$ cat entry_30.cif   # mmCIF, C-alpha atoms
data_data
#
loop_
_atom_site.label_atom_id
_atom_site.label_comp_id
_atom_site.auth_asym_id
_atom_site.auth_seq_id
_atom_site.Cartn_x
_atom_site.Cartn_y
_atom_site.Cartn_z
CA ALA A 20 0.00 0.00 0.00
CA ARG A 21 1.20 3.51 -0.83
CA CYS A 22 -1.32 5.69 1.06
CA ILE A 23 -4.05 5.23 3.63
CA CYS A 24 -6.62 7.66 5.05
CA ALA A 25 -9.59 7.53 7.41
CA HIS A 26 -13.14 8.40 6.33
CA THR A 27 -13.91 11.87 7.75
CA GLY A 28 -16.88 14.23 7.61
CA VAL A 29 -19.33 11.42 8.41
CA GLU A 30 -22.69 12.61 9.80
CA ASP A 31 -23.54 9.34 11.58
CA GLN A 32 -21.45 9.52 14.77
CA GLU A 33 -22.14 5.85 15.56
CA GLN A 34 -20.78 4.59 12.24
CA LEU A 35 -17.84 2.24 12.65
CA PRO A 36 -14.47 3.40 11.26
CA GLU A 37 -13.74 3.18 7.53
CA VAL A 38 -10.46 3.64 5.68
CA CYS A 39 -9.35 3.99 2.07
CA VAL A 40 -6.10 2.38 0.95
CA SER A 41 -4.26 3.15 -2.28
CA TYR A 42 -2.48 0.23 -3.91
CA ARG A 43 -0.52 0.25 -7.17
CA LYS A 44 -3.53 0.07 -9.49
CA LYS A 45 -6.57 0.39 -7.25
CA LEU A 46 -8.28 2.07 -4.30
CA VAL A 47 -9.81 -0.26 -1.72
CA LEU A 48 -12.42 0.85 0.84
CA TYR A 49 -12.39 -1.02 4.15
CA ALA A 50 -15.12 -0.96 6.81
CA HIS A 51 -14.74 -2.11 10.39
CA GLY A 52 -17.13 -4.95 11.07
CA GLY A 53 -16.85 -4.81 14.84
CA ARG A 54 -13.83 -7.08 15.13
CA SER A 55 -11.65 -6.26 12.11
CA PHE A 56 -11.53 -4.29 8.86
CA GLU A 57 -13.04 -5.93 5.79
CA ALA A 58 -12.80 -4.80 2.15
CA ARG A 59 -16.18 -3.64 0.86
CA GLN A 60 -15.39 -1.96 -2.45
CA GLU A 61 -12.52 -1.26 -4.82
CA PHE A 62 -11.93 1.01 -7.81
CA PRO A 63 -9.27 0.85 -10.55
CA THR A 64 -6.70 3.67 -10.65
CA PRO A 65 -3.90 4.60 -13.07
CA ASP A 66 -1.25 4.38 -10.36
CA ALA A 67 -0.70 4.47 -6.61
CA ALA A 68 -1.71 7.79 -5.05
CA SER A 69 0.88 9.98 -3.32
CA ALA A 70 -1.82 11.84 -1.35
CA LEU A 71 -5.28 10.64 -0.35
CA VAL A 72 -8.39 12.04 1.38
CA TRP A 73 -11.82 10.46 1.94
CA HIS A 74 -14.17 13.18 3.14
CA GLN A 75 -17.97 12.99 3.19
CA SER A 76 -18.92 10.92 0.13
CA TRP A 77 -15.88 11.85 -1.98
CA ILE A 78 -12.35 10.55 -2.36
CA VAL A 79 -9.60 12.79 -3.72
CA ALA A 80 -6.35 11.16 -4.82
CA GLY A 81 -3.20 13.03 -5.72
CA TYR A 82 -1.10 11.39 -8.43
CA LYS A 83 2.13 12.51 -10.04
CA LYS A 84 0.31 14.14 -12.96
CA GLU A 85 -3.11 15.07 -11.55
CA TYR A 86 -5.65 15.27 -8.74
CA THR A 87 -8.66 13.00 -9.28
CA LEU A 88 -12.08 13.02 -7.61
CA TYR A 89 -13.95 9.73 -7.02
CA SER A 90 -17.46 9.03 -5.76
CA ASP A 91 -17.23 6.55 -2.89
CA SER A 92 -20.35 4.77 -4.15
CA SER A 93 -19.69 4.42 -7.90
CA GLY A 94 -15.94 4.98 -8.07
CA LEU A 95 -16.34 7.12 -11.19
CA PRO A 96 -13.22 9.30 -11.62
CA ARG A 97 -13.10 12.96 -12.63
CA GLU A 98 -9.92 14.95 -13.07
CA ILE A 99 -9.79 18.05 -10.87
CA CYS A 100 -6.59 19.53 -12.27
CA GLY A 101 -3.31 18.51 -13.80
CA LEU A 102 0.17 18.67 -12.26
CA ASP A 103 3.54 19.09 -13.95
CA GLY A 104 5.01 15.97 -12.34
CA LYS A 105 7.52 18.00 -10.30
CA VAL A 106 5.17 18.74 -7.39
CA ASN A 107 4.50 16.30 -4.56
CA PRO A 108 0.70 16.20 -4.20
CA ARG A 109 -0.51 17.34 -0.78
CA ILE A 110 -4.12 17.58 0.42
CA ALA A 111 -5.53 19.21 3.55
CA ILE A 112 -9.16 18.98 4.73
CA VAL A 113 -10.51 22.46 5.43
CA SER A 114 -13.73 23.43 7.22
CA GLY A 115 -16.90 23.92 5.18
CA GLY A 116 -16.44 20.88 2.95
CA GLU A 117 -13.38 22.27 1.21
CA LEU A 118 -9.93 20.89 0.53
CA LEU A 119 -6.61 22.62 -0.01
CA LEU A 120 -4.74 21.08 -2.95
CA MET A 121 -1.09 21.96 -3.48
CA ILE A 122 -0.55 22.72 -7.18
CA GLN A 123 2.94 24.19 -6.92
CA GLU A 124 5.79 23.63 -4.48
CA SER A 125 4.71 26.72 -2.53
CA ALA A 126 1.07 27.33 -3.53
CA GLY A 127 -2.30 25.64 -3.12
CA PHE A 128 -5.91 26.33 -4.05
CA PHE A 129 -9.25 25.52 -2.38
CA PHE A 130 -11.59 22.94 -3.90
CA ASN A 131 -15.25 22.74 -2.84
CA LEU A 132 -16.61 19.19 -2.59
CA SER A 133 -20.26 20.33 -2.69
CA THR A 134 -19.95 22.15 -6.01
CA GLN A 135 -17.04 19.97 -7.24
CA GLN A 136 -15.40 23.16 -8.43
CA PRO A 137 -12.52 25.37 -7.28
CA SER A 138 -13.60 27.64 -4.43
CA SER A 139 -13.95 31.39 -4.80
CA LYS A 140 -11.17 31.82 -2.23
CA GLY A 141 -7.76 32.88 -3.41
CA THR A 142 -4.66 30.72 -3.44
CA VAL A 143 -2.42 30.27 -0.41
CA THR A 144 1.21 31.04 -1.20
CA TRP A 145 4.13 30.22 1.07
CA PRO A 146 7.51 31.97 0.80
CA ARG A 147 9.31 28.70 -0.02
CA LYS A 148 8.70 25.04 -0.87
CA VAL A 149 6.19 23.38 1.46
CA VAL A 150 7.33 20.08 2.98
CA ALA A 151 4.26 19.43 5.18
CA CYS A 152 0.82 21.02 5.49
CA ALA A 153 -2.52 20.60 7.25
CA ALA A 154 -5.64 22.53 8.21
CA ALA A 155 -6.73 23.09 11.81
CA GLY A 156 -9.85 25.07 12.64
CA HIS A 157 -9.82 28.25 10.55
CA TYR A 158 -6.13 28.04 9.72
CA ILE A 159 -3.79 26.43 7.19
CA LEU A 160 -0.38 25.43 8.48
CA GLY A 161 2.60 24.72 6.28
CA SER A 162 6.26 24.05 6.98
CA THR A 163 8.69 25.56 4.51
CA GLY A 164 12.05 24.62 5.94
CA VAL A 165 14.11 23.82 8.98
CA GLY A 166 12.08 24.86 12.00
CA GLN A 167 9.77 27.32 10.24
CA LEU A 168 5.98 26.99 10.29
CA ASP A 169 3.78 29.54 8.49
CA VAL A 170 0.12 29.90 9.46
CA PHE A 171 -2.49 31.32 7.05
CA GLY A 172 -6.11 32.26 7.69
CA VAL A 173 -8.63 30.26 5.66
CA ARG A 174 -10.94 33.26 5.36
CA ASP A 175 -8.51 35.79 3.86
CA GLN A 176 -5.58 33.52 2.82
CA LYS A 177 -3.14 35.87 4.60
CA ASN A 178 -0.10 34.87 6.61
CA CYS A 179 -1.12 35.58 10.21
CA GLN A 180 1.74 33.93 12.10
CA THR A 181 5.19 32.41 11.66
CA LEU A 182 6.46 29.99 14.29
CA THR A 183 9.88 28.50 14.93
CA MET A 184 9.92 24.82 15.81
CA GLN A 185 12.72 22.67 17.22
CA GLY A 186 14.23 20.96 14.18
CA ALA A 187 12.80 20.32 10.73
CA VAL A 188 9.04 19.69 10.63
CA VAL A 189 8.24 16.24 9.22
CA SER A 190 4.46 16.03 9.72
CA ILE A 191 1.42 18.12 10.71
CA CYS A 192 -2.08 16.88 11.52
CA SER A 193 -5.30 18.42 12.85
CA ALA A 194 -6.64 17.53 16.29
CA PHE A 195 -9.82 18.06 18.30
CA GLY A 196 -10.88 21.63 19.07
CA GLY A 197 -9.03 23.31 16.21
CA ARG A 198 -5.67 22.20 17.56
CA ALA A 199 -2.75 21.02 15.43
CA ILE A 200 -0.07 18.45 16.22
CA VAL A 201 3.33 19.24 14.73
CA ALA A 202 6.05 16.59 14.64
CA SER A 203 9.59 17.77 14.08
CA GLU A 204 12.99 16.12 14.33
CA GLY A 205 13.37 17.44 17.87
CA SER A 206 9.89 17.67 19.35
CA LEU A 207 6.18 16.89 19.24
CA THR A 208 4.15 20.07 19.72
CA CYS A 209 0.45 20.77 20.18
CA LEU A 210 -0.65 24.17 18.85
CA ASP A 211 -3.74 25.50 20.65
CA PRO A 212 -5.71 28.33 18.97
CA VAL A 213 -6.23 31.51 20.97
CA PRO A 214 -9.95 31.81 21.92
CA PHE A 215 -11.92 34.24 19.74
CA GLU A 216 -12.82 36.49 22.68
CA ARG A 217 -9.17 36.92 23.64
CA GLN A 218 -8.24 37.76 20.05
CA VAL A 219 -10.93 40.46 19.84
CA LYS A 220 -9.96 41.93 23.21
CA LYS A 221 -6.30 42.12 22.22
CA LEU A 222 -7.13 43.81 18.90
CA LEU A 223 -9.35 46.37 20.64
CA LEU A 224 -6.60 47.16 23.16
CA GLN A 225 -4.29 47.79 20.20
CA ALA A 226 -6.95 50.07 18.64
CA ARG A 227 -7.18 47.73 15.61
CA ILE A 228 -10.93 48.23 15.30
CA ALA A 229 -11.22 47.14 11.64
CA ASP A 230 -9.35 43.89 12.32
CA ALA A 231 -11.59 43.17 15.33
CA LEU A 232 -14.74 43.68 13.24
CA ASP A 233 -13.40 41.28 10.60
#
$ encode --input "entry_30.cif" --output "structure tokens"
Amino acid sequence: ARCICAHTGVEDQEQLPEVCVSYRKKLVLYAHGGRSFEARQEFPTPDAASALVWHQSWIVAGYKKEYTLYSDSSGLPREICGLDGKVNPRIAIVSGGELLLMIQESAGFFFNLSTQQPSSKGTVTWPRKVVACAAAGHYILGSTGVGQLDVFGVRDQKNCQTLTMQGAVVSICSAFGGRAIVASEGSLTCLDPVPFERQVKKLLLQARIADALD
């Protein structure tokens, strides 16, 4: 297997876990039967995916040359966009049924699963090549080098914070409550978002009225 991902965005909270696994020429959906995972469906693919997300009723696979959208019921593929073969596909699940798809080494765009079209939001552009990215709450986090983590707002796609981590970041994942877990060569860090009320209060104390209203 090349990639594996859990089924997210499921409305039924009592549904048993499901996962999607990318093999060399197929995607296989597994459902937990109470004691173990059992294969329930599989779809043919042109190659093994380098990035994989199963959110709501859609599967998005990132290949060397393209991103492809699959229905988890029929398995019918539809190309989302092409890639030049030089970019490592990366996918982050964003709030509101959207995904961030990296289309360049330092840039990604939002794709809406409901409309199956690119979102009206602008692209997110990092200063350098992104080596790991994820979405947590209303933020997109991306590591661009040794110890540097840039945070962008989903709403305005602006860089709102740059953090320094201990060692090169190797992985980022979202956690409960809008938190993010960042794994680096020297540490494992949990990033906790500042509560909205504290953000507004701080902006008002700084007389940044327009920012507080936003």
$ resolve_selection --input "entry_30.cif" --expression "the PyMOL selection byres ((chain A and resi 110) around 7)" --output "NGL selection string"
:A and (70 or 108-109 or 111-112 or 118-121)
$ write_last_selection --input "entry_30.cif" --atoms "C-alpha atoms" --output "compact mmCIF listing (two decimals), in the frame of the given file"
# COMPACT_ATOMS: atom_id res chain seq x y z
CA ALA A 70 -1.82 11.84 -1.35
CA PRO A 108 0.70 16.20 -4.20
CA ARG A 109 -0.51 17.34 -0.78
CA ALA A 111 -5.53 19.21 3.55
CA ILE A 112 -9.16 18.98 4.73
CA LEU A 118 -9.93 20.89 0.53
CA LEU A 119 -6.61 22.62 -0.01
CA LEU A 120 -4.74 21.08 -2.95
CA MET A 121 -1.09 21.96 -3.48
$ closest_residue --input "entry_30.cif" --among "A:Asn107, A:Asn178, A:Ser76, A:Gln185" --to "Ser133 in chain A" --atoms "only C-alpha atoms"
A:Ser76
$ resolve_selection --input "entry_30.cif" --expression "the PyMOL selection byres ((chain A and resi 37) around 8)" --output "list in words"
Ala25, His26, Leu35, Pro36, Val38, Cys39, Leu48, Tyr49, Ala50, His51 and Phe56 of chain A
$ resolve_selection --input "entry_30.cif" --expression "the PyMOL selection byres ((chain A and resi 154) around 12)" --output "ChimeraX atom specification"
/A:109-115,117-120,129,151-153,155-161,169-173,191-195,197-201,210
$ closest_residue --input "entry_30.cif" --among "A:Gln34, A:Thr134, A:Thr208, A:Ser69" --to "Gly52 in chain A" --atoms "only C-alpha atoms"
A:Gln34
$ atom_distance --input "entry_30.cif" --atom1 "CA of Leu71 in chain A" --atom2 "CA of Asp103 in chain A"
18.3 Å
$ closest_residue --input "entry_30.cif" --among "A:Ser162, A:Ser55, A:Gln60, A:Ser190" --to "Glu204 in chain A" --atoms "only C-alpha atoms"
A:Ser190
$ residues_around --input "entry_30.cif" --residues "Pro96 in chain A" --least-positions-apart "4" --cutoff "9 Å" --atoms "all atoms listed in the file" --output "list of chain:residue names"
A:Thr64, A:Thr87, A:Leu88, A:Tyr89, A:Ser90
$ atom_distance --input "entry_30.cif" --atom1 "CA of Trp145 in chain A" --atom2 "CA of Thr163 in chain A"
7.4 Å
$ atom_distance --input "entry_30.cif" --atom1 "CA of Ala126 in chain A" --atom2 "CA of Leu102 in chain A"
12.3 Å
$ closest_residue --input "entry_30.cif" --among "A:Lys83, A:Val47, A:Ser125, A:Phe62" --to "Leu95 in chain A" --atoms "all atoms listed in the file"
A:Phe62
$ residues_around --input "entry_30.cif" --residues "Gly101 in chain A" --least-positions-apart "5" --cutoff "7 Å" --atoms "only C-alpha atoms" --output "NGL selection string"
:A and (84-86)
$ closest_residue --input "entry_30.cif" --among "A:Ile99, A:Val165, A:Ala20, A:Val29" --to "Ala67 in chain A" --atoms "only C-alpha atoms"
A:Ala20
$ closest_residue --input "entry_30.cif" --among "A:Val188, A:Leu168, A:Leu46, A:Val213" --to "Pro65 in chain A" --atoms "only C-alpha atoms"
A:Leu46
$ residues_near_point --input "entry_30.cif" --point "(-4.9, 30.4, -9.1)" --cutoff "7 Å" --atoms "all atoms listed in the file" --output "PyMOL selection string"
chain A and resi 128+141-142
$ decode --input "entry_30.cif" --residues "range 159-184 of chain A" --atoms "N, CA, C and O atoms" --output "short mmCIF file (atom, residue, chain, number, x, y, z; two decimals), in the first residue's frame"
data_model
loop_
_atom_site.label_atom_id
_atom_site.label_comp_id
_atom_site.auth_asym_id
_atom_site.auth_seq_id
_atom_site.Cartn_x
_atom_site.Cartn_y
_atom_site.Cartn_z
N ILE A 159 -4.60 27.34 7.99
CA ILE A 159 -3.79 26.43 7.19
C ILE A 159 -2.36 26.55 7.68
O ILE A 159 -1.82 27.66 7.78
N LEU A 160 -1.75 25.42 7.99
CA LEU A 160 -0.38 25.43 8.48
C LEU A 160 0.52 24.72 7.48
O LEU A 160 0.17 23.66 6.95
N GLY A 161 1.66 25.33 7.21
CA GLY A 161 2.60 24.72 6.28
C GLY A 161 4.03 24.95 6.72
O GLY A 161 4.38 26.06 7.15
N SER A 162 4.85 23.92 6.64
CA SER A 162 6.26 24.05 6.98
C SER A 162 7.06 24.24 5.70
O SER A 162 6.89 23.50 4.74
N THR A 163 7.94 25.22 5.72
CA THR A 163 8.69 25.56 4.51
C THR A 163 10.19 25.34 4.66
O THR A 163 10.94 25.66 3.75
N GLY A 164 10.62 24.82 5.77
CA GLY A 164 12.05 24.62 5.94
C GLY A 164 12.38 24.21 7.35
O GLY A 164 11.52 23.87 8.14
N VAL A 165 13.63 24.26 7.67
CA VAL A 165 14.11 23.82 8.98
C VAL A 165 13.54 24.71 10.08
O VAL A 165 13.90 25.87 10.21
N GLY A 166 12.60 24.16 10.84
CA GLY A 166 12.08 24.86 12.00
C GLY A 166 11.07 25.95 11.75
O GLY A 166 10.59 26.58 12.70
N GLN A 167 10.70 26.23 10.50
CA GLN A 167 9.77 27.32 10.24
C GLN A 167 8.39 26.80 9.88
O GLN A 167 8.24 25.91 9.04
N LEU A 168 7.37 27.37 10.53
CA LEU A 168 5.98 26.99 10.29
C LEU A 168 5.18 28.25 10.03
O LEU A 168 5.11 29.13 10.90
N ASP A 169 4.58 28.37 8.85
CA ASP A 169 3.78 29.54 8.49
C ASP A 169 2.30 29.21 8.59
O ASP A 169 1.86 28.17 8.08
N VAL A 170 1.54 30.10 9.23
CA VAL A 170 0.12 29.90 9.46
C VAL A 170 -0.67 30.93 8.66
O VAL A 170 -0.40 32.13 8.75
N PHE A 171 -1.65 30.45 7.87
CA PHE A 171 -2.49 31.32 7.05
C PHE A 171 -3.95 31.20 7.50
O PHE A 171 -4.38 30.12 7.91
N GLY A 172 -4.69 32.29 7.40
CA GLY A 172 -6.11 32.26 7.69
C GLY A 172 -6.87 31.71 6.49
O GLY A 172 -6.60 32.09 5.35
N VAL A 173 -7.82 30.81 6.75
CA VAL A 173 -8.63 30.26 5.66
C VAL A 173 -9.49 31.35 5.02
O VAL A 173 -9.68 31.39 3.80
N ARG A 174 -10.00 32.25 5.85
CA ARG A 174 -10.94 33.26 5.36
C ARG A 174 -10.30 34.23 4.37
O ARG A 174 -10.86 34.51 3.31
N ASP A 175 -9.11 34.76 4.71
CA ASP A 175 -8.51 35.79 3.86
C ASP A 175 -7.22 35.33 3.17
O ASP A 175 -6.62 36.09 2.41
N GLN A 176 -6.78 34.08 3.44
CA GLN A 176 -5.58 33.52 2.82
C GLN A 176 -4.32 34.35 3.09
O GLN A 176 -3.38 34.37 2.30
N LYS A 177 -4.29 35.05 4.24
CA LYS A 177 -3.14 35.87 4.60
C LYS A 177 -2.30 35.18 5.67
O LYS A 177 -2.82 34.47 6.52
N ASN A 178 -1.01 35.42 5.61
CA ASN A 178 -0.10 34.87 6.61
C ASN A 178 -0.32 35.62 7.92
O ASN A 178 -0.06 36.81 8.01
N CYS A 179 -0.80 34.92 8.95
CA CYS A 179 -1.12 35.58 10.21
C CYS A 179 -0.11 35.26 11.31
O CYS A 179 -0.12 35.92 12.36
N GLN A 180 0.77 34.28 11.07
CA GLN A 180 1.74 33.93 12.10
C GLN A 180 2.84 33.07 11.51
O GLN A 180 2.60 32.24 10.64
N THR A 181 4.06 33.27 12.01
CA THR A 181 5.19 32.41 11.66
C THR A 181 5.83 31.92 12.94
O THR A 181 6.17 32.73 13.81
N LEU A 182 5.94 30.60 13.07
CA LEU A 182 6.46 29.99 14.29
C LEU A 182 7.79 29.30 14.00
O LEU A 182 8.04 28.84 12.89
N THR A 183 8.61 29.22 15.03
CA THR A 183 9.88 28.50 14.93
C THR A 183 9.79 27.24 15.77
O THR A 183 9.54 27.30 16.98
N MET A 184 9.98 26.10 15.13
CA MET A 184 9.92 24.82 15.81
C MET A 184 11.34 24.29 16.08
O MET A 184 12.32 24.81 15.53
#
